[in-house]
Amino acid sequence: MAVTMADKSVFGYSTIPDKEIIELEDIYGANHYRRLKAIARKTQGAWLYTQDGRKILDCLAAYSAANPGHHHPKIVDALVRALQENYASVISNVVYTDVLALFLKKAAEFVPQLGLRFGNNGNKVLPKNGGVESVETAIKLARYYGFKEKGISDGKQEIIVFENNFHGRMITIISFSTSNHYKEGFGPLTPGFKTAKYGNIDEVEKLINENTCGILVEPMQGEGGMYQPPKGFLKGLRELADKNNLILIFDEIQVGLGRTGKNFCFEHENVIPDAVVLGKAIAGGMIPLSLMVTNRSLMDMAFRPGSDGSTFGGYPLACVAGLAALDVIKGERLAERSAETGKILKKKIMDIAARSSHVKEVRGEGLFIGIEVKNGDAMVFCEKLLGHDMLCNDSHHHTIRISPPLIINDDEVEYIVERLERVLVD
């Protein structure tokens, strides 16, 4: 039975037993996630709490949505104030709101100038809800550019993507996934995409033709196996895009906003895209919010009244969360903290790997670390780690994903290391 917030005797939202929660989800919900058997009743910082008082260190952070930690007090305070003072509700987008205007400015200026070959004009932002929506917005940008500026016949535009990509699960997006599990049975699929091997610049170049209008890539792959591209790959994509008049789009939904030790993953190689897609942590993990950010001239070229829209995209409460989250990311130096803590944690994990018969490879940057296991079934180890009060998930089946909130401290680093030692070292 649901209870009111005033009832302090309840730990979390309800007193429903864990077993019944699982049964209710099984009866009334879609079976579209492989779940670990833990029921989180409360979250705070880097921790999840169960009804029986158990504490679980969150090393998944909702796939980088909780970069500032769960229920960050500054973000929570901003949301509570907005709700109490009556400027949080969705408002028709035929009128302006101050919170949207302020958020757009802050987000546009937080991102380095994009699309440098189109001029130092400043950035513009188009907000949506989930990350996949903003990926589709970026696809629209590239296709319209191909039609309007390159003279490609409408319907013939092609975008180059990469093996093992993950950009979401809407129909257009799964159409160019290389995982049959995501798309089997959901056809007809959307055409207009060519696939290259991730990291292979020669394959990309061979795929470019008169109908190519853009390149869509993750600067580091998350769901694809926690892979970093070879050094120089992103630079090579930038050179190909410039040479062939293509729109280069980076999907930083999982790897942006401090996760890899930089505000943006593309800053590791100082390669500037024409557009970037952000989500998850942009609102501190508290409200659904995503963005497509691009050069002002490109945004104005592609979008006009009626060509795009979203009822809840950039609505006041989401913008309040976004303003507060960007303040936290910048003010608390989350990118720098991720770089510093990640370097220490990765070194300790490498030491474990050297003594483990199970580990094939360790890779990653900042607090975005993958541990590939030799037997190819990382979930076996994730289940064992949950038994030691540490939440992880697999990436592409074969890799344990270590991506905790960026606020973790030294004690929490040791907590992670101790538990990895227990399950990975015989």
# chains A, B, ... in the order shown; residues from 1 in each chain; ligands from 1
>>> residues_around(residues="region 62-71 of chain A", least_positions_apart="4", cutoff="9 Å", atoms="only C-alpha atoms", output="MDAnalysis selection string")
chainID A and resid 43:48 58 75:76 222 253:259 279:286 325 328:329 332 334 368 403:408
>>> select_by_dssp(residues="region 20-130 of chain A", states="strand (DSSP E)", output="compact mmCIF listing (two decimals) with C-alpha atoms, in the first residue's frame")
# COMPACT_ATOMS: atom_id res chain seq x y z
CA LYS A 42 15.92 4.46 -1.07
CA THR A 43 18.98 6.03 -2.69
CA GLN A 44 21.53 8.50 -1.44
CA TRP A 47 24.32 3.94 -2.25
CA LEU A 48 21.11 1.96 -2.66
CA TYR A 49 19.16 0.80 0.38
CA LYS A 55 23.40 -1.03 1.77
CA ILE A 56 24.50 -1.66 -1.81
CA LEU A 57 27.19 0.43 -3.51
CA ASP A 58 25.88 1.53 -6.89
CA ASN A 123 25.83 26.81 -29.94
CA LYS A 124 22.10 26.18 -29.92
CA VAL A 125 20.24 23.50 -27.96
CA LEU A 126 17.16 21.42 -28.78
CA PRO A 127 15.84 19.61 -25.67
CA LYS A 128 13.91 16.33 -25.54
>>> closest_residue(among="A:Cys213, A:Leu234, A:Val204, A:Val95", to="Arg143 (chain A)", atoms="only C-alpha atoms")
A:Cys213
>>> atom_distance(atom1="CA of Arg419 (chain A)", atom2="CA of Pro229 (chain A)")
28.9 Å
>>> closest_atom_pairs(of="region 189-245 of chain A", to="region 383-393 of chain A", cutoff="12 Å", atoms="only C-alpha atoms", output="CSV")
residue,atom,partner,partner_atom,distance
A:Gly222,CA,A:Asn393,CA,11.4
A:Glu223,CA,A:Asn393,CA,10.2
A:Gly225,CA,A:Asn393,CA,11.4
A:Met226,CA,A:Asn393,CA,11.8
>>> closest_residue(among="A:Pro219, A:Gly224, A:Pro288, A:Pro273", to="Arg238 (chain A)", atoms="only C-alpha atoms")
A:Pro273
>>> residues_around(residues="Tyr182 (chain A)", least_positions_apart="5", cutoff="12 Å", atoms="only C-alpha atoms", output="PyMOL selection string")
chain A and resi 32+164-177+187+189
>>> closest_residue(among="A:Asp426, A:Asp394, A:Asp274, A:Asp411", to="Leu141 (chain A)", atoms="only C-alpha atoms")
A:Asp274
>>> select_by_dssp(residues="region 305-415 of chain A", states="helix (DSSP H, G or I)", output="PyMOL selection string")
chain A and resi 316-331+334-354+378-387+410-415
>>> write_last_selection(atoms="C-alpha atoms", output="compact mmCIF listing (two decimals), in the first residue's frame")
# COMPACT_ATOMS: atom_id res chain seq x y z
CA PRO A 316 10.20 23.83 -16.49
CA LEU A 317 10.89 21.13 -13.87
CA ALA A 318 13.41 19.42 -16.18
CA CYS A 319 15.14 22.74 -16.82
CA VAL A 320 15.33 23.45 -13.09
CA ALA A 321 17.05 20.09 -12.62
CA GLY A 322 19.33 20.77 -15.59
CA LEU A 323 20.40 24.18 -14.28
CA ALA A 324 21.21 22.71 -10.87
CA ALA A 325 22.97 19.65 -12.33
CA LEU A 326 25.25 21.75 -14.54
CA ASP A 327 26.12 23.88 -11.51
CA VAL A 328 27.04 20.72 -9.60
CA ILE A 329 29.07 19.23 -12.47
CA LYS A 330 31.09 22.41 -12.83
CA GLY A 331 31.17 23.63 -9.23
CA LEU A 334 33.07 16.16 -11.19
CA ALA A 335 35.15 15.65 -14.34
CA GLU A 336 38.38 16.26 -12.45
CA ARG A 337 37.23 14.01 -9.61
CA SER A 338 36.36 11.30 -12.10
CA ALA A 339 39.83 11.55 -13.67
CA GLU A 340 41.63 11.43 -10.34
CA THR A 341 39.53 8.70 -8.71
CA GLY A 342 39.31 6.70 -11.92
CA LYS A 343 43.08 6.62 -12.30
CA ILE A 344 43.46 5.19 -8.81
CA LEU A 345 40.62 2.70 -9.20
CA LYS A 346 41.75 1.47 -12.60
CA LYS A 347 45.28 0.89 -11.33
CA LYS A 348 43.94 -1.21 -8.47
CA ILE A 349 41.69 -3.17 -10.84
CA MET A 350 44.67 -3.80 -13.14
CA ASP A 351 46.49 -5.27 -10.16
CA ILE A 352 43.56 -7.59 -9.50
CA ALA A 353 43.45 -8.55 -13.18
CA ALA A 354 47.13 -9.50 -13.10
CA ALA A 378 30.08 -11.16 -17.08
CA MET A 379 26.63 -11.39 -15.48
CA VAL A 380 27.82 -14.38 -13.45
CA PHE A 381 30.31 -12.09 -11.74
CA CYS A 382 27.78 -9.26 -11.44
CA GLU A 383 25.46 -11.59 -9.55
CA LYS A 384 28.30 -12.57 -7.22
CA LEU A 385 29.15 -8.91 -6.65
CA LEU A 386 25.54 -8.18 -5.75
CA GLY A 387 25.86 -10.89 -3.13
CA ASP A 410 38.50 6.80 -1.06
CA ASP A 411 36.62 4.42 1.25
CA GLU A 412 34.17 3.59 -1.52
CA VAL A 413 37.05 2.93 -3.93
CA GLU A 414 38.44 0.42 -1.45
CA TYR A 415 34.97 -1.09 -1.06
>>> closest_residue(among="A:Gly236, A:Gly29, A:Gly115, A:Gly146", to="Arg296 (chain A)", atoms="only C-alpha atoms")
A:Gly115
>>> closest_residue(among="A:Val417, A:Val425, A:Ala302, A:Ile247", to="Leu114 (chain A)", atoms="only C-alpha atoms")
A:Ile247
>>> residues_around(residues="Tyr87 (chain A)", least_positions_apart="2", cutoff="10 Å", atoms="only C-alpha atoms", output="VMD selection string")
chain A and resid 79 81 to 85 89 to 91 97 to 99 316 to 317 320
